[in-house]
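Input: a single structure, listed below in structure tokens.
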Amino acid sequence: MNNVKLVATDLDGTFLKNDRTISKKNLEALRLLGQKDIVRVVATGRNLKKVHEVIPPDTPFDYIVYSSGAGVFNWKEQKEMFHRNIIQSSAQKLLKYFIQRDISFHAFFPAPGNHNHWYFRGDNSCREFEKYFDFNKAYSYELKPTKLPETELCQFLVIIKEDKYHFEKLKIEIEAICEHIRVIRTSSPITAGYIWIEIFHQSVSKGNGVKHICDLLGIGQKQTLGIGNDFNDLDLLGFTQHSFFTENAPSELKEIYPHAPSNENDAFAHVIQPIVL
């Protein structure tokens, strides 16, 4: 891995500890990468506001790929670089589909302001839906079916109980509604036993977000390293040349890429050690 020029890491369950803090070893690993002029990238499902909640401004990252790749943010300059939203016509079709099916969902404002969102309670509202609402109600607006927002949207979120067959069925059904969208599976960061179904523009992925940075800086794909812990990291690790899943990843994922220790045991620092030695 002597030729690595860019390192990308997921946040929750990967770089951050379970209490959402940064370990001393991981912070030192970031500094060592900077001394070698290696680009340091966060690739997270969090929106920008939620990134700022867990990453202090002086943390030595260079770029943030946020909302699973819906946007790219220059961390050093604190400046938006790029974002991609679901086009208005597709957003309207999705809104109508979920309302007609009476499915509970959140629909997020266009990036980069996508910490704000509309919500709709259908007949499948569950404890996890209410927990998410309680955590984010300061930025939540009730959706009126008779007055749908006429705008692009960053993403949709539907929450179901853990059932991969139900997820696959819904994924096929949702992606058939309109062109230019894709469905991403994420394990709930709030409560075990739930799947978050996230819907984005079809070009959105953590891998494409990192590729955008590589193209901008002239870094080749073979000069990249990535580390993650969940299903929404598959696109990231599918792009990076050297890819790792943490020990705390779901068992069905850990066979795909080499293992790193868990996020509680400084997975990030362990993986980049051969680069900075």
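Quick note on naming: the chains in the structure tokens go A, B, ... in the order shown, residues restart at 1 in each chain, and ligands are numbered from 1 in order of appearance.
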Checklist entry - Skipping near chain neighbours, those fewer than 3 positions away, what residues fall within 8 Å of Gln92 in chain A using only C-alpha atoms, listed as a ChimeraX atom specification? => result /A:88-89,95-96,148,150
Checklist entry - Could you name the residues that touch range 191-198 of chain A at 7 Å or less, counting only C-alpha atoms, but leaving out those on the same chain fewer than 6 positions away, as a list in words? => result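 My reading of the contact set: Glu128, Gln155, Phe156, Leu157, Val158, Ile159, Ile160, Lys161, Glu162, Val183, Ile184 and Arg185 of chain A.
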Same residues, N, CA and C atoms, output as a PDB file, in the first residue's frame:
ATOM      1  N   GLU A 128     -39.218   2.773  15.499  1.00  0.00           N
ATOM      2  CA  GLU A 128     -38.004   3.355  14.925  1.00  0.00           C
ATOM      3  C   GLU A 128     -38.308   4.650  14.185  1.00  0.00           C
ATOM      4  N   GLN A 155     -33.254  12.994  -0.772  1.00  0.00           N
ATOM      5  CA  GLN A 155     -33.432  11.569  -0.553  1.00  0.00           C
ATOM      6  C   GLN A 155     -34.745  11.290   0.146  1.00  0.00           C
ATOM      7  N   PHE A 156     -35.108  10.010   0.172  1.00  0.00           N
ATOM      8  CA  PHE A 156     -36.250   9.517   0.942  1.00  0.00           C
ATOM      9  C   PHE A 156     -35.729   8.490   1.942  1.00  0.00           C
ATOM     10  N   LEU A 157     -36.441   8.360   3.063  1.00  0.00           N
ATOM     11  CA  LEU A 157     -36.118   7.333   4.049  1.00  0.00           C
ATOM     12  C   LEU A 157     -37.392   6.593   4.442  1.00  0.00           C
ATOM     13  N   VAL A 158     -37.355   5.271   4.279  1.00  0.00           N
ATOM     14  CA  VAL A 158     -38.424   4.383   4.732  1.00  0.00           C
ATOM     15  C   VAL A 158     -37.785   3.383   5.686  1.00  0.00           C
ATOM     16  N   ILE A 159     -38.437   3.106   6.804  1.00  0.00           N
ATOM     17  CA  ILE A 159     -37.885   2.207   7.811  1.00  0.00           C
ATOM     18  C   ILE A 159     -38.748   0.954   7.915  1.00  0.00           C
ATOM     19  N   ILE A 160     -38.104  -0.216   7.826  1.00  0.00           N
ATOM     20  CA  ILE A 160     -38.822  -1.484   7.967  1.00  0.00           C
ATOM     21  C   ILE A 160     -38.101  -2.355   8.993  1.00  0.00           C
ATOM     22  N   LYS A 161     -38.801  -3.358   9.516  1.00  0.00           N
ATOM     23  CA  LYS A 161     -38.156  -4.324  10.391  1.00  0.00           C
ATOM     24  C   LYS A 161     -37.185  -5.168   9.580  1.00  0.00           C
ATOM     25  N   GLU A 162     -36.154  -5.676  10.251  1.00  0.00           N
ATOM     26  CA  GLU A 162     -35.101  -6.458   9.591  1.00  0.00           C
ATOM     27  C   GLU A 162     -35.706  -7.647   8.868  1.00  0.00           C
ATOM     28  N   VAL A 183     -31.866   2.623  -4.742  1.00  0.00           N
ATOM     29  CA  VAL A 183     -32.181   2.318  -3.353  1.00  0.00           C
ATOM     30  C   VAL A 183     -30.938   1.760  -2.675  1.00  0.00           C
ATOM     31  N   ILE A 184     -30.643   2.271  -1.472  1.00  0.00           N
ATOM     32  CA  ILE A 184     -29.497   1.828  -0.681  1.00  0.00           C
ATOM     33  C   ILE A 184     -29.998   1.287   0.651  1.00  0.00           C
ATOM     34  N   ARG A 185     -29.446   0.158   1.060  1.00  0.00           N
ATOM     35  CA  ARG A 185     -29.796  -0.425   2.358  1.00  0.00           C
ATOM     36  C   ARG A 185     -28.795   0.016   3.419  1.00  0.00           C
TER      37      ARG A 185
END
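For range 67-127 of chain A, a DSSP pass over the backbone yields strand (DSSP E) at Gly71, Val72, Phe73, Asn74, Lys79, Glu80, Met81, Phe82, His83, Phe105, His106, Ala107, Phe108, His117, Trp118, Tyr119 and Phe120 of chain A.
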Checklist entry - Could you work out how far CA of Ser187 in chain A lies from CA of Lys144 in chain A, giving the answer in Å with one decimal? => result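 About the pair CA of Lys144 in chain A and CA of Ser187 in chain A: they are 28.7 Å apart.
Residue nearest Val39 in chain A within the list A:Ser251, A:Thr59, A:Asn229, A:Thr224: A:Thr224 [criterion: smallest interatomic distance, only C-alpha atoms].
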Item to check | All residues 12 Å or closer to Pro60 in chain A, only C-alpha atoms, same chain fewer than 2 positions away omitted, as an MDAnalysis selection string | outcome: chainID A and resid 22 26:35 37:42 55:58 62:64 74:77
Can you write out the residues you just picked, keeping N, CA, C and O atoms, as a JSON list (two decimals), in the first residue's frame?
[["chain", "number", "residue", "atom", "x", "y", "z"],
["A", 22, "ILE", "N", -14.00, 10.36, 19.01],
["A", 22, "ILE", "CA", -12.84, 9.96, 18.20],
["A", 22, "ILE", "C", -11.73, 9.51, 19.15],
["A", 22, "ILE", "O", -11.35, 10.25, 20.06],
["A", 26, "ASN", "N", -6.98, 7.10, 16.51],
["A", 26, "ASN", "CA", -7.52, 7.47, 15.20],
["A", 26, "ASN", "C", -7.19, 8.92, 14.84],
["A", 26, "ASN", "O", -6.90, 9.24, 13.69],
["A", 27, "LEU", "N", -7.24, 9.79, 15.83],
["A", 27, "LEU", "CA", -6.89, 11.19, 15.59],
["A", 27, "LEU", "C", -5.42, 11.33, 15.21],
["A", 27, "LEU", "O", -5.07, 12.07, 14.27],
["A", 28, "GLU", "N", -4.56, 10.60, 15.90],
["A", 28, "GLU", "CA", -3.14, 10.62, 15.56],
["A", 28, "GLU", "C", -2.91, 10.04, 14.18],
["A", 28, "GLU", "O", -2.05, 10.54, 13.42],
["A", 29, "ALA", "N", -3.66, 9.02, 13.80],
["A", 29, "ALA", "CA", -3.54, 8.42, 12.47],
["A", 29, "ALA", "C", -3.86, 9.45, 11.38],
["A", 29, "ALA", "O", -3.18, 9.51, 10.35],
["A", 30, "LEU", "N", -4.88, 10.27, 11.63],
["A", 30, "LEU", "CA", -5.21, 11.34, 10.67],
["A", 30, "LEU", "C", -4.04, 12.30, 10.51],
["A", 30, "LEU", "O", -3.70, 12.71, 9.39],
["A", 31, "ARG", "N", -3.44, 12.68, 11.61],
["A", 31, "ARG", "CA", -2.32, 13.63, 11.56],
["A", 31, "ARG", "C", -1.13, 13.03, 10.80],
["A", 31, "ARG", "O", -0.47, 13.73, 10.02],
["A", 32, "LEU", "N", -0.87, 11.76, 11.03],
["A", 32, "LEU", "CA", 0.24, 11.10, 10.33],
["A", 32, "LEU", "C", -0.01, 11.03, 8.82],
["A", 32, "LEU", "O", 0.91, 11.22, 8.02],
["A", 33, "LEU", "N", -1.25, 10.79, 8.43],
["A", 33, "LEU", "CA", -1.58, 10.79, 7.00],
["A", 33, "LEU", "C", -1.34, 12.18, 6.41],
["A", 33, "LEU", "O", -0.82, 12.31, 5.29],
["A", 34, "GLY", "N", -1.72, 13.21, 7.14],
["A", 34, "GLY", "CA", -1.51, 14.58, 6.66],
["A", 34, "GLY", "C", -0.04, 14.90, 6.48],
["A", 34, "GLY", "O", 0.34, 15.59, 5.52],
["A", 35, "GLN", "N", 0.80, 14.39, 7.36],
["A", 35, "GLN", "CA", 2.24, 14.62, 7.23],
["A", 35, "GLN", "C", 2.81, 13.99, 5.97],
["A", 35, "GLN", "O", 3.83, 14.45, 5.46],
["A", 37, "ASP", "N", 1.04, 13.89, 3.19],
["A", 37, "ASP", "CA", 0.26, 14.50, 2.10],
["A", 37, "ASP", "C", -0.74, 13.51, 1.50],
["A", 37, "ASP", "O", -1.01, 13.54, 0.28],
["A", 38, "ILE", "N", -1.28, 12.65, 2.32],
["A", 38, "ILE", "CA", -2.32, 11.72, 1.88],
["A", 38, "ILE", "C", -3.68, 12.34, 2.19],
["A", 38, "ILE", "O", -3.93, 12.79, 3.32],
["A", 39, "VAL", "N", -4.54, 12.39, 1.20],
["A", 39, "VAL", "CA", -5.85, 13.03, 1.34],
["A", 39, "VAL", "C", -6.74, 12.20, 2.27],
["A", 39, "VAL", "O", -6.85, 10.98, 2.12],
["A", 40, "ARG", "N", -7.41, 12.88, 3.20],
["A", 40, "ARG", "CA", -8.23, 12.22, 4.23],
["A", 40, "ARG", "C", -9.69, 12.58, 4.01],
["A", 40, "ARG", "O", -10.07, 13.75, 4.07],
["A", 41, "VAL", "N", -10.52, 11.55, 3.76],
["A", 41, "VAL", "CA", -11.91, 11.77, 3.36],
["A", 41, "VAL", "C", -12.86, 11.02, 4.29],
["A", 41, "VAL", "O", -12.65, 9.85, 4.60],
["A", 42, "VAL", "N", -13.89, 11.70, 4.74],
["A", 42, "VAL", "CA", -15.03, 11.06, 5.39],
["A", 42, "VAL", "C", -16.03, 10.69, 4.30],
["A", 42, "VAL", "O", -16.34, 11.51, 3.43],
["A", 55, "ILE", "N", -17.92, 15.74, 14.42],
["A", 55, "ILE", "CA", -16.55, 16.04, 13.97],
["A", 55, "ILE", "C", -16.22, 17.50, 14.29],
["A", 55, "ILE", "O", -16.75, 18.41, 13.64],
["A", 56, "PRO", "N", -15.38, 17.76, 15.29],
["A", 56, "PRO", "CA", -15.00, 19.15, 15.61],
["A", 56, "PRO", "C", -14.33, 19.82, 14.40],
["A", 56, "PRO", "O", -13.69, 19.15, 13.58],
["A", 57, "PRO", "N", -14.46, 21.13, 14.28],
["A", 57, "PRO", "CA", -13.93, 21.85, 13.11],
["A", 57, "PRO", "C", -12.43, 21.67, 12.88],
["A", 57, "PRO", "O", -11.96, 21.76, 11.75],
["A", 58, "ASP", "N", -11.67, 21.45, 13.96],
["A", 58, "ASP", "CA", -10.22, 21.32, 13.81],
["A", 58, "ASP", "C", -9.77, 19.89, 13.54],
["A", 58, "ASP", "O", -8.57, 19.61, 13.50],
["A", 62, "ASP", "N", -9.85, 16.36, 5.10],
["A", 62, "ASP", "CA", -9.75, 17.26, 3.95],
["A", 62, "ASP", "C", -11.09, 17.44, 3.24],
["A", 62, "ASP", "O", -11.44, 18.56, 2.84],
["A", 63, "TYR", "N", -11.85, 16.36, 3.10],
["A", 63, "TYR", "CA", -13.13, 16.40, 2.39],
["A", 63, "TYR", "C", -14.16, 15.54, 3.11],
["A", 63, "TYR", "O", -13.81, 14.56, 3.77],
["A", 64, "ILE", "N", -15.43, 15.91, 2.94],
["A", 64, "ILE", "CA", -16.54, 15.14, 3.47],
["A", 64, "ILE", "C", -17.45, 14.73, 2.32],
["A", 64, "ILE", "O", -17.98, 15.59, 1.60],
["A", 74, "ASN", "N", -15.74, 20.59, 1.06],
["A", 74, "ASN", "CA", -14.34, 20.85, 1.37],
["A", 74, "ASN", "C", -14.26, 21.20, 2.86],
["A", 74, "ASN", "O", -14.70, 22.26, 3.28],
["A", 75, "TRP", "N", -13.70, 20.29, 3.66],
["A", 75, "TRP", "CA", -13.69, 20.47, 5.11],
["A", 75, "TRP", "C", -12.75, 21.59, 5.54],
["A", 75, "TRP", "O", -13.06, 22.36, 6.44],
["A", 76, "LYS", "N", -11.59, 21.69, 4.90],
["A", 76, "LYS", "CA", -10.62, 22.72, 5.28],
["A", 76, "LYS", "C", -11.17, 24.11, 5.01],
["A", 76, "LYS", "O", -11.01, 25.04, 5.81],
["A", 77, "GLU", "N", -11.81, 24.28, 3.87],
["A", 77, "GLU", "CA", -12.33, 25.59, 3.49],
["A", 77, "GLU", "C", -13.77, 25.80, 3.93],
["A", 77, "GLU", "O", -14.30, 26.90, 3.78]]
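The space between CA of Gln202 in chain A and CA of Leu170 in chain A spans 16.3 Å.
Considering the residues A:Ala111, A:Ile174, A:Val54, A:Leu48 and counting only C-alpha atoms, Ile199 in chain A has its shortest atom-to-atom contact with A:Ile174.
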Checklist entry - What residues in range 47-124 of chain A get the DSSP label helix (DSSP H, G or I)? Please answer as an NGL selection string. => result :A and (48-54 or 67-69 or 88-100)
Do a neighbour search on Asn3 in chain A at 9 Å with only C-alpha atoms, toss out local chain neighbours closer than 6 positions, and write the hits as a compact mmCIF listing (two decimals) with N, CA and C atoms, in the first residue's frame.
# COMPACT_ATOMS: atom_id res chain seq x y z
N LYS A 222 -6.35 3.21 -8.17
CA LYS A 222 -5.44 2.26 -7.54
C LYS A 222 -4.63 2.87 -6.40
N GLN A 223 -4.79 4.16 -6.19
CA GLN A 223 -4.08 4.86 -5.10
C GLN A 223 -5.00 5.17 -3.92
N THR A 224 -6.08 4.42 -3.79
CA THR A 224 -7.09 4.70 -2.77
C THR A 224 -7.25 3.55 -1.78
N ILE A 275 0.74 2.34 5.98
CA ILE A 275 0.97 3.49 5.10
C ILE A 275 1.88 4.50 5.76
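Nearest to Leu234 in chain A of all the residues A:Ile219, A:Ala43, A:Leu94, A:Ala70 is A:Ala43, counting only C-alpha atoms.
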Using only C-alpha atoms, determine which residues lie at most 6 Å from Glu152 in chain A, disregarding the query and same-chain residues fewer than 5 positions distant; provide the list as a tab-separated table (two decimals) with N, CA and C atoms, in the first residue's frame.
chain	number	residue	atom	x	y	z
A	86	ILE	N	-32.51	14.27	-6.29
A	86	ILE	CA	-33.51	13.60	-7.14
A	86	ILE	C	-34.29	14.67	-7.88
A	87	ILE	N	-34.41	14.54	-9.19
A	87	ILE	CA	-35.09	15.57	-9.98
A	87	ILE	C	-36.57	15.67	-9.56
A	88	GLN	N	-37.17	16.81	-9.81
A	88	GLN	CA	-38.52	17.09	-9.31
A	88	GLN	C	-39.55	16.09	-9.80
A	110	PRO	N	-33.64	19.53	-0.63
A	110	PRO	CA	-32.45	19.40	-1.49
A	110	PRO	C	-31.16	19.65	-0.72
Item to check | Option closest in space to Pro258 in chain A, from A:Tyr132, A:Tyr165, A:Phe245, A:Tyr119 [counting only C-alpha atoms] | outcome: A:Phe245
Next on the checklist: Give me the residues near Tyr257 in chain A as a list in words, where near means some atom within 9 Å (using only C-alpha atoms) and where sequence neighbours in that chain fewer than 6 positions away do not count.
Outcome noted: Leu237, His242, Ser243, Phe244 and Phe245 of chain A
Taking N, CA and C atoms for each residue, export the selection above as a compact mmCIF listing (two decimals), in the first residue's frame.
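Written out: result.txt:
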# COMPACT_ATOMS: atom_id res chain seq x y z
N LEU A 237 -16.30 0.75 -0.88
CA LEU A 237 -15.26 -0.28 -0.89
C LEU A 237 -15.15 -0.96 -2.25
N HIS A 242 -7.80 -0.66 -2.02
CA HIS A 242 -7.54 -1.41 -0.79
C HIS A 242 -8.74 -1.18 0.13
N SER A 243 -9.50 -2.23 0.39
CA SER A 243 -10.79 -2.07 1.07
C SER A 243 -10.90 -3.00 2.27
N PHE A 244 -11.54 -2.48 3.35
CA PHE A 244 -11.62 -3.23 4.60
C PHE A 244 -12.99 -3.04 5.24
N PHE A 245 -13.51 -4.13 5.81
CA PHE A 245 -14.67 -4.05 6.68
C PHE A 245 -14.21 -4.22 8.12
Item to check | Selection: 7 Å around Leu225 in chain A, only C-alpha atoms, excl. self and same-chain fewer than 6 positions, as a list in words | outcome: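 Contacts, in chain order: Val4, Leu6, Val7, Ala8, Thr240, Gln241, His242 and Ser243 of chain A.
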